[in-house]
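**Student:** You'll find entry07.txt just under this line, and it carries compact mmCIF, C-alpha atoms.
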# COMPACT_ATOMS: atom_id res chain seq x y z
CA MET A 475 67.38 29.06 15.11
CA ALA A 476 63.69 29.86 15.34
CA PRO A 477 61.77 28.51 18.35
CA ALA A 478 59.59 26.42 16.01
CA LEU A 479 62.64 24.49 14.85
CA GLU A 480 63.76 23.94 18.40
CA GLN A 481 60.42 22.30 19.18
CA THR A 482 60.84 19.36 16.84
CA GLY A 483 64.49 19.15 15.89
CA ASN A 484 67.74 21.03 15.45
CA ALA A 485 68.30 21.61 11.76
CA GLU A 486 71.93 22.62 12.28
CA ASN A 487 72.65 19.29 13.94
CA LEU A 488 70.85 17.49 11.11
CA SER A 489 73.13 19.10 8.56
CA MET A 490 76.18 17.72 10.35
CA ALA A 491 74.91 14.37 11.57
CA GLY A 492 72.70 12.93 8.88
CA ALA A 493 72.31 14.66 5.57
CA ALA A 494 74.78 13.87 2.80
CA SER A 495 76.74 17.02 2.06
CA SER A 496 77.74 17.72 -1.51
CA GLY A 497 80.26 20.40 -0.62
CA SER A 498 80.07 23.43 -2.89
CA GLU A 499 77.14 22.14 -4.98
CA ILE A 500 74.00 24.22 -4.73
CA ILE A 501 71.00 22.12 -3.76
CA THR A 502 67.64 23.68 -4.56
CA ALA A 503 64.04 23.06 -3.58
CA ALA A 504 60.50 24.22 -4.21
CA LEU A 505 57.52 24.08 -1.90
CA LEU A 506 54.09 23.27 -3.31
CA VAL A 507 51.31 24.25 -0.90
CA ILE A 508 48.08 22.45 -1.72
CA GLY A 509 44.64 23.41 -0.49
CA ASP A 510 41.52 25.42 -1.27
CA GLU A 511 41.51 26.58 2.35
CA ILE A 512 44.82 28.39 1.88
CA LEU A 513 43.67 30.19 -1.26
CA SER A 514 40.35 31.19 0.28
CA GLY A 515 42.05 32.62 3.35
CA ARG A 516 40.15 30.34 5.70
CA THR A 517 43.43 28.75 6.81
CA LYS A 518 46.52 30.90 7.33
CA ASP A 519 49.62 29.05 6.15
CA LYS A 520 52.18 28.41 8.90
CA ASN A 521 54.46 26.08 6.97
CA ILE A 522 56.22 28.23 4.37
CA GLY A 523 58.40 30.20 6.77
CA TYR A 524 59.23 27.11 8.80
CA VAL A 525 60.26 25.08 5.75
CA ALA A 526 62.30 27.97 4.36
CA GLU A 527 64.25 28.44 7.57
CA TYR A 528 64.71 24.71 8.09
CA LEU A 529 66.04 24.06 4.60
CA THR A 530 68.35 27.06 4.71
CA ALA A 531 69.83 25.74 7.96
CA ILE A 532 70.72 22.38 6.43
CA GLY A 533 72.11 23.74 3.15
CA VAL A 534 69.14 23.57 0.78
CA ASP A 535 68.04 26.72 -1.05
CA LEU A 536 64.26 27.16 -1.22
CA LYS A 537 63.88 28.89 -4.59
CA GLU A 538 60.12 28.89 -5.22
CA VAL A 539 56.79 28.50 -3.45
CA ARG A 540 53.51 27.83 -5.25
CA VAL A 541 50.00 27.53 -3.88
CA VAL A 542 47.45 25.48 -5.83
CA PRO A 543 43.85 24.40 -5.16
CA ASP A 544 42.62 20.88 -4.49
CA GLU A 545 42.32 20.20 -8.21
CA GLU A 546 44.21 17.30 -9.74
CA PRO A 547 45.20 19.01 -13.05
CA GLU A 548 46.62 22.00 -11.16
CA ILE A 549 48.59 19.82 -8.75
CA VAL A 550 49.96 17.59 -11.53
CA ALA A 551 51.00 20.54 -13.71
CA ALA A 552 52.73 22.37 -10.87
CA LEU A 553 54.44 19.22 -9.62
CA ASN A 554 55.81 18.28 -13.04
CA ALA A 555 57.11 21.80 -13.63
CA LEU A 556 58.79 22.05 -10.24
CA ARG A 557 60.33 18.58 -10.05
CA ALA A 558 62.05 19.11 -13.39
CA ARG A 559 63.53 22.42 -12.22
CA TYR A 560 64.73 21.80 -8.67
CA THR A 561 66.68 19.18 -6.72
CA TYR A 562 63.72 18.56 -4.41
CA VAL A 563 60.03 19.41 -4.30
CA PHE A 564 58.23 19.41 -0.95
CA THR A 565 54.45 19.43 -0.81
CA THR A 566 52.16 20.22 2.11
CA GLY A 567 48.47 19.44 2.40
CA GLY A 568 45.97 17.09 0.85
CA ILE A 569 46.92 13.73 2.41
CA GLY A 570 44.17 13.52 5.03
CA PRO A 571 41.08 11.29 5.24
CA THR A 572 38.51 13.36 3.34
CA HIS A 573 37.25 13.35 -0.25
CA ASP A 574 39.18 16.48 -1.20
CA ASP A 575 42.53 15.08 0.00
CA ILE A 576 43.77 14.16 -3.47
CA THR A 577 47.50 14.86 -3.30
CA ALA A 578 48.58 11.20 -3.34
CA ASP A 579 46.43 10.53 -6.42
CA ALA A 580 47.81 13.61 -8.17
CA VAL A 581 51.41 12.61 -7.41
CA ALA A 582 50.78 9.12 -8.75
CA LYS A 583 49.34 10.63 -11.93
CA ALA A 584 52.29 13.00 -12.30
CA PHE A 585 54.70 10.05 -12.15
CA GLY A 586 52.51 7.76 -14.22
CA VAL A 587 52.33 5.03 -11.56
CA ALA A 588 49.54 3.14 -9.82
CA ILE A 589 48.27 3.97 -6.36
CA ASP A 590 47.04 1.48 -3.77
CA TYR A 591 46.86 0.75 -0.07
CA ASP A 592 50.43 0.35 1.19
CA PRO A 593 50.85 -2.54 3.68
CA ARG A 594 53.52 -0.66 5.62
CA ALA A 595 51.30 2.38 6.03
CA VAL A 596 48.31 0.21 6.95
CA ALA A 597 50.34 -1.55 9.65
CA LEU A 598 51.55 1.75 11.13
CA LEU A 599 48.07 3.21 11.25
CA ARG A 600 46.49 0.05 12.67
CA ALA A 601 49.05 0.01 15.48
CA ARG A 602 48.34 3.63 16.29
CA LEU A 603 44.57 3.15 16.25
CA ALA A 604 44.92 0.16 18.54
CA GLN A 605 46.62 2.43 21.05
CA THR A 606 44.00 5.17 20.81
CA GLY A 607 40.94 2.93 20.57
CA ALA A 608 39.76 4.50 17.31
CA GLU A 609 38.41 2.36 14.50
CA MET A 610 40.05 1.75 11.13
CA ASN A 611 37.29 3.05 8.90
CA GLU A 612 37.25 3.83 5.19
CA ALA A 613 38.24 7.45 5.71
CA ARG A 614 41.32 6.61 7.79
CA LEU A 615 42.30 3.78 5.46
CA ARG A 616 42.35 6.36 2.67
CA MET A 617 45.47 7.86 4.30
CA THR A 618 47.42 4.65 3.60
CA ARG A 619 47.10 4.88 -0.20
CA LEU A 620 50.52 5.59 -1.71
CA PRO A 621 51.93 5.71 -5.25
CA ALA A 622 53.81 2.59 -6.34
CA GLY A 623 57.49 2.79 -5.43
CA ALA A 624 57.08 5.45 -2.75
CA GLU A 625 59.18 5.47 0.41
CA LEU A 626 57.49 6.25 3.71
CA VAL A 627 58.01 9.55 5.50
CA LEU A 628 57.26 8.72 9.11
CA ASN A 629 54.75 10.60 11.23
CA LYS A 630 55.43 10.26 14.97
CA VAL A 631 52.36 12.30 15.87
CA SER A 632 49.44 10.42 14.32
CA ALA A 633 51.15 7.59 12.38
CA ALA A 634 49.56 8.19 8.94
CA PRO A 635 52.73 8.68 6.88
CA GLY A 636 53.80 11.04 4.19
CA PHE A 637 55.89 9.67 1.37
CA ARG A 638 58.76 10.30 -1.00
CA ILE A 639 58.92 9.32 -4.65
CA ASP A 640 62.02 10.28 -6.62
CA ASN A 641 62.75 13.94 -5.70
CA VAL A 642 59.24 14.70 -4.40
CA ILE A 643 58.55 14.68 -0.65
CA VAL A 644 54.86 14.73 0.30
CA MET A 645 53.96 15.94 3.79
CA ALA A 646 50.89 16.81 5.83
CA GLY A 647 49.49 20.33 5.93
CA VAL A 648 48.95 20.36 9.71
CA PRO A 649 52.04 22.25 10.93
CA HIS A 650 53.13 20.08 13.87
CA ILE A 651 52.74 16.91 11.77
CA MET A 652 54.56 18.48 8.82
CA GLN A 653 57.42 19.38 11.15
CA VAL A 654 58.00 15.83 12.38
CA MET A 655 57.81 14.56 8.80
CA LEU A 656 60.47 17.08 7.81
CA ASP A 657 62.61 15.89 10.71
CA ASP A 658 62.27 12.34 9.42
CA VAL A 659 63.27 13.06 5.82
CA ALA A 660 65.94 15.74 6.40
CA PRO A 661 68.84 13.40 7.29
CA LYS A 662 68.31 11.57 3.99
CA LEU A 663 68.57 14.67 1.80
CA LYS A 664 71.59 15.74 -0.18
CA THR A 665 72.70 19.13 1.06
CA GLY A 666 75.09 21.79 -0.18
CA ALA A 667 77.16 24.57 1.31
CA ARG A 668 75.11 26.57 3.78
CA MET A 669 74.22 30.16 3.04
CA LEU A 670 75.80 32.42 5.65
CA SER A 671 74.10 35.63 6.70
CA GLN A 672 74.97 38.85 8.53
CA THR A 673 72.63 41.69 9.42
CA VAL A 674 73.71 45.33 9.75
CA ARG A 675 71.37 47.82 11.43
CA ALA A 676 71.56 50.90 9.24
CA ASN A 677 69.89 53.46 11.53
CA CYS A 678 68.91 55.21 8.30
CA ARG A 679 65.87 55.26 6.08
CA GLU A 680 66.03 52.86 3.16
CA GLY A 681 65.80 55.73 0.69
CA ASP A 682 68.93 57.32 2.21
CA ILE A 683 71.11 54.33 1.30
CA GLY A 684 69.44 52.86 -1.80
CA THR A 685 71.89 54.22 -4.38
CA GLU A 686 75.01 53.41 -2.38
CA LEU A 687 73.73 49.94 -1.53
CA GLY A 688 73.16 49.24 -5.22
CA GLU A 689 76.77 50.18 -5.94
CA ILE A 690 78.01 47.78 -3.27
CA ALA A 691 75.82 45.01 -4.66
CA ARG A 692 77.28 45.51 -8.14
CA SER A 693 80.85 45.42 -6.83
CA HIS A 694 80.18 42.27 -4.76
CA ALA A 695 78.37 40.20 -7.37
CA ASP A 696 78.84 36.90 -5.50
CA VAL A 697 77.07 38.24 -2.43
CA VAL A 698 73.30 38.70 -2.01
CA ILE A 699 72.51 42.05 -0.40
CA GLY A 700 69.01 43.05 0.64
CA SER A 701 67.50 45.97 2.53
CA TYR A 702 64.48 45.58 4.79
CA PRO A 703 62.76 48.71 6.11
CA PHE A 704 60.87 48.64 9.39
CA LEU A 705 59.46 51.04 11.96
CA ASP A 706 61.82 51.38 14.91
CA GLU A 707 60.08 52.32 18.16
CA LYS A 708 63.01 54.54 19.17
CA ILE A 709 64.02 56.38 16.00
CA GLY A 710 61.14 55.81 13.58
CA PRO A 711 61.80 54.54 10.04
CA ASN A 712 64.87 52.30 10.00
CA THR A 713 66.48 49.66 7.80
CA ASP A 714 68.21 46.31 8.24
CA VAL A 715 70.77 45.44 5.58
CA VAL A 716 71.20 41.69 5.19
CA VAL A 717 74.32 40.31 3.51
CA ARG A 718 74.33 36.65 2.42
CA SER A 719 77.02 34.43 0.88
CA ARG A 720 78.39 30.91 1.04
CA ASP A 721 81.94 32.28 1.17
CA PRO A 722 82.89 33.64 4.64
CA GLN A 723 85.59 35.94 3.23
CA LYS A 724 83.31 37.47 0.60
CA LEU A 725 80.62 37.86 3.24
CA ALA A 726 83.01 39.72 5.53
CA GLU A 727 84.22 42.00 2.73
CA ALA A 728 80.69 42.93 1.68
CA LYS A 729 79.62 43.56 5.27
CA ALA A 730 82.64 45.82 5.78
CA ALA A 731 81.73 47.74 2.62
CA VAL A 732 78.17 48.22 3.91
CA GLU A 733 79.40 49.44 7.29
CA ALA A 734 81.82 51.90 5.68
CA MET A 735 79.07 53.17 3.39
CA LEU A 736 76.78 53.78 6.36
CA VAL A 737 79.42 55.88 8.06
CA ARG A 738 79.71 58.06 4.96
CA VAL A 739 75.96 58.37 4.48
CA LYS A 740 75.33 59.31 8.11
CA ALA A 741 78.07 61.94 7.95
CA ARG A 742 76.49 63.41 4.80
CA LEU A 743 73.03 63.44 6.36
CA ALA A 744 74.36 65.08 9.52
CA ALA A 745 76.12 67.75 7.45
CA ALA A 746 72.93 68.43 5.51
CA ARG A 747 70.91 68.80 8.72
CA SER A 748 73.55 71.09 10.17
CA ALA A 749 73.48 73.28 7.07
CA GLN A 750 69.70 73.59 7.30
CA THR A 751 69.73 74.63 10.95
CA GLY A 752 72.77 76.88 10.54
As structure tokens - that is how I would like this structure written.
**Tutor:**
Amino acid sequence: MAPALEQTGNAENLSMAGAASSGSEIITAALLVIGDEILSGRTKDKNIGYVAEYLTAIGVDLKEVRVVPDEEPEIVAALNALRARYTYVFTTGGIGPTHDDITADAVAKAFGVAIDYDPRAVALLRARLAQTGAEMNEARLRMTRLPAGAELVLNKVSAAPGFRIDNVIVMAGVPHIMQVMLDDVAPKLKTGARMLSQTVRANCREGDIGTELGEIARSHADVVIGSYPFLDEKIGPNTDVVVRSRDPQKLAEAKAAVEAMLVRVKARLAAARSAQTG
């Protein structure tokens, strides 16, 4: 579990304690990141990796991420495409107090429903502002506008809520607020069998094992096998082989095949080096 998840909630516990498991069914999701500041590079996204790890831990496969500007037609088009394709769509960004925070309006348009000030959201924000001494001005009130029929996604940090309508979950772009919103909605999600993962350190260059790894992948079609090269401080170029499956037995078999292949490849490489020096 990544430290970021430990800060705001334990996703593994959520998968057991709250979320409705659908057994072997595969539950999918997309993440729609909204904001000109992301596309311009002014703001570096910190939510994608967190959401991906969190959803994987509770048994939801994140299948696609899109980034769109603060433009209503772009948001509506992306949202309608994604919500028809995946079990859930999560959005981040665009629900703040400024003129370019238009996500709620775009979601309402995508669903063809009205948008208005939500009494529940107004009450939550008023209570929070009473504690902090800040005023309820027009800008802050803007954060209480929700599409008709939306459920609240609670925000324990600053009170202004996100919302859920059908299979779309709308969250803040500020990472620590997004995280508590995800904690709030996660126990209510339908989840599937968790993807299990094992990592094998190859101690070889990726190019040394590419052909053999492809053969293993073809013979273990129900297992996802990936290779990830990196620079090892001790031995130089190295590779991690990651084996993923929902079936523990198939995972173990594929991992064993990878380990056996590495033994053969290393022996071949050693023999080739010996021949060159001999």
**Student:** Can you work out which one of A:Leu620, A:Gly681, A:Lys537, A:Gln605 has the shortest atom-to-atom distance to Val587 (chain A), counting only C-alpha atoms?
**Tutor:**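 Looking at the shortest contact to Val587 (chain A), the residue is A:Leu620.
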**Student:** Do you know which residues are at most 9 Å from Val659 (chain A) counting all atoms listed in the file, after dropping those on the same chain fewer than 5 positions away, and could you put them as a ChimeraX atom specification?
**Tutor:** /A:627-628,638,643,654
**Student:** Quick one: everything within 12 Å of Leu705 (chain A), counting only C-alpha atoms, minus sequence neighbours fewer than 6 positions away in the same chain. Send it as a list in words.
**Tutor:**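 The residues that qualify are Asn677, Cys678, Arg679, Glu680, Pro711, Asn712, Thr713 and Asp714 of chain A.
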**Student:** Let's have the selection written as a PDB file, in the coordinates of the input, with C-alpha atoms.
**Tutor:**
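Wrote it out as result_3.pdb, contents follow:
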ATOM      1  CA  ASN A 677      69.890  53.460  11.530  1.00  0.00           C
ATOM      2  CA  CYS A 678      68.910  55.210   8.300  1.00  0.00           C
ATOM      3  CA  ARG A 679      65.870  55.260   6.080  1.00  0.00           C
ATOM      4  CA  GLU A 680      66.030  52.860   3.160  1.00  0.00           C
ATOM      5  CA  PRO A 711      61.800  54.540  10.040  1.00  0.00           C
ATOM      6  CA  ASN A 712      64.870  52.300  10.000  1.00  0.00           C
ATOM      7  CA  THR A 713      66.480  49.660   7.800  1.00  0.00           C
ATOM      8  CA  ASP A 714      68.210  46.310   8.240  1.00  0.00           C
TER       9      ASP A 714
END
**Student:** For Asp535 (chain A), which of A:Phe704, A:Glu686, A:Arg720, A:Ala552 is the closest residue, counting only C-alpha atoms?
**Tutor:**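 The shortest atom-to-atom distance to Asp535 (chain A) comes from A:Arg720.
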**Student:** Taking all atoms listed in the file into account, which of A:Asn641, A:Asn521, A:Ser719, A:Thr577 comes nearest Leu556 (chain A)?
**Tutor:**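 Using all atoms listed in the file, the shortest distance to Leu556 (chain A) belongs to A:Asn641.
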**Student:** Please indicate the distance in Å from CA of Arg616 (chain A) to CA of Pro571 (chain A), rounded to one decimal place.
**Tutor:** 5.7 Å
**Student:** Residues within 9 Å of (75.2, 30.8, 6.3), file coordinates, counting only C-alpha atoms: what are they? Give the list as number ranges by chain.
**Tutor:** A: 530-531, 533, 667-672, 718-722
**Student:** Which polymer residues have any atom within 10 Å of an atom of Ile569 (chain A), counting all atoms listed in the file, with same-chain residues fewer than 4 positions away left out, as a PyMOL selection string?
**Tutor:** chain A and resi 508+565+574-579+616-620+634-637+644-647
**Student:** With C-alpha atoms retained, write the just-selected residues as a PDB file, in the frame of the given file.
**Tutor:**
ATOM      1  CA  ILE A 508      48.080  22.450  -1.720  1.00  0.00           C
ATOM      2  CA  THR A 565      54.450  19.430  -0.810  1.00  0.00           C
ATOM      3  CA  ASP A 574      39.180  16.480  -1.200  1.00  0.00           C
ATOM      4  CA  ASP A 575      42.530  15.080   0.000  1.00  0.00           C
ATOM      5  CA  ILE A 576      43.770  14.160  -3.470  1.00  0.00           C
ATOM      6  CA  THR A 577      47.500  14.860  -3.300  1.00  0.00           C
ATOM      7  CA  ALA A 578      48.580  11.200  -3.340  1.00  0.00           C
ATOM      8  CA  ASP A 579      46.430  10.530  -6.420  1.00  0.00           C
ATOM      9  CA  ARG A 616      42.350   6.360   2.670  1.00  0.00           C
ATOM     10  CA  MET A 617      45.470   7.860   4.300  1.00  0.00           C
ATOM     11  CA  THR A 618      47.420   4.650   3.600  1.00  0.00           C
ATOM     12  CA  ARG A 619      47.100   4.880  -0.200  1.00  0.00           C
ATOM     13  CA  LEU A 620      50.520   5.590  -1.710  1.00  0.00           C
ATOM     14  CA  ALA A 634      49.560   8.190   8.940  1.00  0.00           C
ATOM     15  CA  PRO A 635      52.730   8.680   6.880  1.00  0.00           C
ATOM     16  CA  GLY A 636      53.800  11.040   4.190  1.00  0.00           C
ATOM     17  CA  PHE A 637      55.890   9.670   1.370  1.00  0.00           C
ATOM     18  CA  VAL A 644      54.860  14.730   0.300  1.00  0.00           C
ATOM     19  CA  MET A 645      53.960  15.940   3.790  1.00  0.00           C
ATOM     20  CA  ALA A 646      50.890  16.810   5.830  1.00  0.00           C
ATOM     21  CA  GLY A 647      49.490  20.330   5.930  1.00  0.00           C
TER      22      GLY A 647
END
**Student:** Could you jot down the CA of Ala504 (chain A) to CA of Leu536 (chain A) separation for me, Å, one decimal place?
**Tutor:** 5.6 Å
**Student:** Closest to Val739 (chain A) among A:Val717, A:Ala660, A:Leu529, A:Leu687, using only C-alpha atoms?
**Tutor:** A:Leu687
**Student:** Using only C-alpha atoms, which residue out of A:Glu499, A:Asp640, A:Asp696, A:Asp706 lies closest to Lys724 (chain A)?
**Tutor:**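 Nearest to Lys724 (chain A): A:Asp696.
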**Student:** Go ahead and compute the interatomic distance for CA of Val715 (chain A) and CA of Arg675 (chain A), in Å to one decimal.
**Tutor:**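 Separating CA of Val715 (chain A) from CA of Arg675 (chain A) is a distance of 6.3 Å.
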**Student:** I'd like the neighbourhood of Glu538 (chain A) as a list in words, where a residue qualifies if any of its atoms comes within 10 Å (using only C-alpha atoms), though same-chain residues fewer than 3 positions away should be ignored.
**Tutor:** Thr502, Ala503, Ala504, Leu505, Leu506, Ala526, Asp535, Leu556, Tyr560 and Val563 of chain A
**Student:** Of the residues A:Leu599, A:Ala633, A:Met610, A:Val642, which is the one nearest to Phe585 (chain A), using only C-alpha atoms?
**Tutor:**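 Selected residue with least distance to Phe585 (chain A): A:Val642.
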**Student:** Would you kindly return, as a tab-separated table (two decimals) with C-alpha atoms, keeping the file's coordinate frame, each protein, DNA or RNA residue with an atom no farther than 9 Å from any atom of His694 (chain A), considering only C-alpha atoms and excluding same-chain residues fewer than 4 positions away?
**Tutor:**
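Below you can see out-v3.tsv, which holds the result:
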chain	number	residue	atom	x	y	z
A	689	GLU	CA	76.77	50.18	-5.94
A	690	ILE	CA	78.01	47.78	-3.27
A	698	VAL	CA	73.30	38.70	-2.01
A	699	ILE	CA	72.51	42.05	-0.40
A	724	LYS	CA	83.31	37.47	0.60
A	727	GLU	CA	84.22	42.00	2.73
A	728	ALA	CA	80.69	42.93	1.68
